[in-house]
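A short worksheet on the structure shown next.
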Amino acid sequence: LFVILGPATMTAAEPVPDTAWIEQSRQLTMQLGGQLKGELTKAIAEGGPMAAIDVCYTRAPEIAAQLSKSSGARVGRTALRVRNPSNAPDGLERSVLEQFAADLGSGPIDRPLEAAFEIRRGDAVERRYMRAIPTDALSLTCHGKTLAPDLAAAIARNYPGDQATGFELGQLRGAFSVTWPPAPLPADR
């Protein structure tokens, strides 16, 4: 089962019967995004854009790990153009990211882009959720088309294979991703 919960051309073959996990996933992605944005905003205010690199390099994985541990799900970020290779998308994430990018490229969207999946694996179901991260003004500091030379050099030192620059306001920057461990398939399926 594959369900896009925002504007998209993909549709589900059947409705998602249990939506509690979707709401939990939304909350986890909002926590990750909120904590990360709060720390980035504070770091930039106190130490300038160079301070933001440390937040993304160190704190973003720590926040994701903390949320993963407390929820039992794998919580993280991914993108079509990653800065950190460990955030590279799997095939399913790549497909959704491409759809999110197309949706954002077609004009303004007034609600979050999100997708939820239930993947049957024998007698178990894996549940996955993604929420798009559009490029905002804060993101342009380190992901825009023009970076300060010292900032670009610091990014290159920390992320030698960086692909995550050249973005414009409103473009898809990436997505938050939540993967729940396989659970027994409900009896009514």
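Labeling convention for the structure tokens: chains A, B, ... as they appear, residues from 1 per chain, ligands from 1 in order of appearance.
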*Check region 101-160 of chain A with DSSP on the backbone and list each residue it calls strand (DSSP E or B), as a PyMOL selection string.*
chain A and resi 114-121+124-134+144
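By chain and then residue number, the residues within 10 Å of Gly166 (chain A) are A:Leu140, A:Cys142, A:His143, A:Gly144, A:Lys145, A:Thr146, A:Leu147, A:Gln163, A:Ala164, A:Glu168, counting only C-alpha atoms and disregarding those fewer than 2 positions away in sequence.
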May I have the selected residues written with all heavy atoms, as a compact mmCIF listing (two decimals), in the first residue's frame?
```
# COMPACT_ATOMS: atom_id res chain seq x y z
N LEU A 140 18.93 28.42 2.86
CA LEU A 140 19.74 29.01 1.80
C LEU A 140 21.12 29.44 2.29
O LEU A 140 22.07 29.51 1.51
CB LEU A 140 19.01 30.21 1.19
CG LEU A 140 17.78 29.87 0.35
CD1 LEU A 140 17.09 31.13 -0.11
CD2 LEU A 140 18.15 28.98 -0.83
N CYS A 142 23.32 27.80 3.95
CA CYS A 142 24.32 26.76 3.70
C CYS A 142 24.01 25.89 2.48
O CYS A 142 24.82 25.04 2.11
CB CYS A 142 24.45 25.86 4.92
SG CYS A 142 25.07 26.69 6.38
N HIS A 143 22.82 26.07 1.89
CA HIS A 143 22.42 25.22 0.77
C HIS A 143 22.06 26.00 -0.49
O HIS A 143 21.64 25.41 -1.48
CB HIS A 143 21.22 24.34 1.17
CG HIS A 143 21.53 23.37 2.26
ND1 HIS A 143 22.21 22.20 2.04
CD2 HIS A 143 21.26 23.42 3.59
CE1 HIS A 143 22.34 21.55 3.20
NE2 HIS A 143 21.78 22.27 4.15
N GLY A 144 22.21 27.32 -0.46
CA GLY A 144 21.84 28.16 -1.59
C GLY A 144 22.85 28.11 -2.72
O GLY A 144 23.83 27.38 -2.69
N LYS A 145 22.58 28.94 -3.72
CA LYS A 145 23.46 28.99 -4.91
C LYS A 145 24.77 29.70 -4.63
O LYS A 145 25.79 29.39 -5.22
CB LYS A 145 22.73 29.69 -6.05
CG LYS A 145 21.65 28.84 -6.66
CD LYS A 145 21.10 29.46 -7.91
CE LYS A 145 20.15 28.48 -8.57
NZ LYS A 145 19.80 28.87 -9.91
N THR A 146 24.74 30.68 -3.72
CA THR A 146 25.94 31.46 -3.41
C THR A 146 26.27 31.32 -1.94
O THR A 146 25.45 31.67 -1.09
CB THR A 146 25.73 32.95 -3.75
OG1 THR A 146 25.29 33.04 -5.11
CG2 THR A 146 26.99 33.74 -3.56
N LEU A 147 27.46 30.79 -1.64
CA LEU A 147 27.91 30.63 -0.26
C LEU A 147 29.15 31.49 -0.05
O LEU A 147 29.97 31.64 -0.96
CB LEU A 147 28.25 29.17 0.04
CG LEU A 147 27.19 28.11 -0.20
CD1 LEU A 147 27.72 26.74 0.17
CD2 LEU A 147 25.92 28.41 0.56
N GLN A 163 26.70 17.38 -2.16
CA GLN A 163 25.87 17.61 -3.35
C GLN A 163 24.75 18.61 -3.04
O GLN A 163 23.91 18.87 -3.89
CB GLN A 163 25.22 16.30 -3.81
CG GLN A 163 26.17 15.18 -4.08
CD GLN A 163 25.43 13.85 -4.22
OE1 GLN A 163 24.20 13.76 -4.20
NE2 GLN A 163 26.19 12.78 -4.37
N ALA A 164 24.71 19.12 -1.82
CA ALA A 164 23.53 19.83 -1.32
C ALA A 164 23.64 21.35 -1.35
O ALA A 164 23.29 22.03 -0.39
CB ALA A 164 23.22 19.35 0.10
N GLU A 168 17.20 26.86 -4.49
CA GLU A 168 16.46 28.13 -4.49
C GLU A 168 15.30 28.00 -3.52
O GLU A 168 14.83 26.89 -3.23
CB GLU A 168 15.95 28.44 -5.89
CG GLU A 168 17.04 28.71 -6.90
CD GLU A 168 16.51 29.01 -8.29
OE1 GLU A 168 15.28 29.21 -8.45
OE2 GLU A 168 17.32 29.04 -9.22
```
*Which one is closest to Ala152 (chain A): A:Pro85, A:Ile53, A:Pro134, A:Glu114? Count only C-alpha atoms.*
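Among A:Pro85, A:Ile53, A:Pro134, A:Glu114, it is A:Ile53 that comes nearest to Ala152 (chain A).
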*Please report, as a VMD selection string, each residue of chain A to which DSSP assigns alpha helix (DSSP H) when run on this structure's backbone.*
chain A and resid 20 to 47 49 to 54 60 to 71 91 to 105 137 to 143 149 to 158
*asked:* List the spatial neighbours of Tyr57 (chain A) as a ChimeraX atom specification - criterion: any atom at most 12 Å away, only C-alpha atoms, same-chain residues fewer than 5 positions off excluded.
replied: /A:36,40,50-52,62-64,83-87,154-155,157-159
Include C-alpha atoms and write out the residues we just selected as a short mmCIF file (atom, residue, chain, number, x, y, z; two decimals), in the first residue's frame.
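Output (result30.cif):
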```
data_model
loop_
_atom_site.label_atom_id
_atom_site.label_comp_id
_atom_site.auth_asym_id
_atom_site.auth_seq_id
_atom_site.Cartn_x
_atom_site.Cartn_y
_atom_site.Cartn_z
CA LEU A 36 17.01 21.20 14.40
CA LEU A 40 20.38 26.20 13.78
CA MET A 50 29.93 28.71 10.38
CA ALA A 51 28.31 27.65 13.66
CA ALA A 52 25.45 26.04 11.72
CA GLU A 62 22.11 13.09 17.76
CA ILE A 63 18.57 14.47 17.69
CA ALA A 64 17.51 11.83 15.15
CA ARG A 83 25.43 16.48 2.07
CA ASN A 84 26.00 13.50 4.37
CA PRO A 85 26.23 10.21 2.39
CA SER A 86 24.67 8.28 5.29
CA ASN A 87 21.43 10.17 4.52
CA ALA A 154 34.22 24.48 5.85
CA ILE A 155 31.42 22.50 4.22
CA ARG A 157 36.16 19.91 4.77
CA ASN A 158 33.30 18.30 6.71
CA TYR A 159 31.46 16.87 3.70
#
```
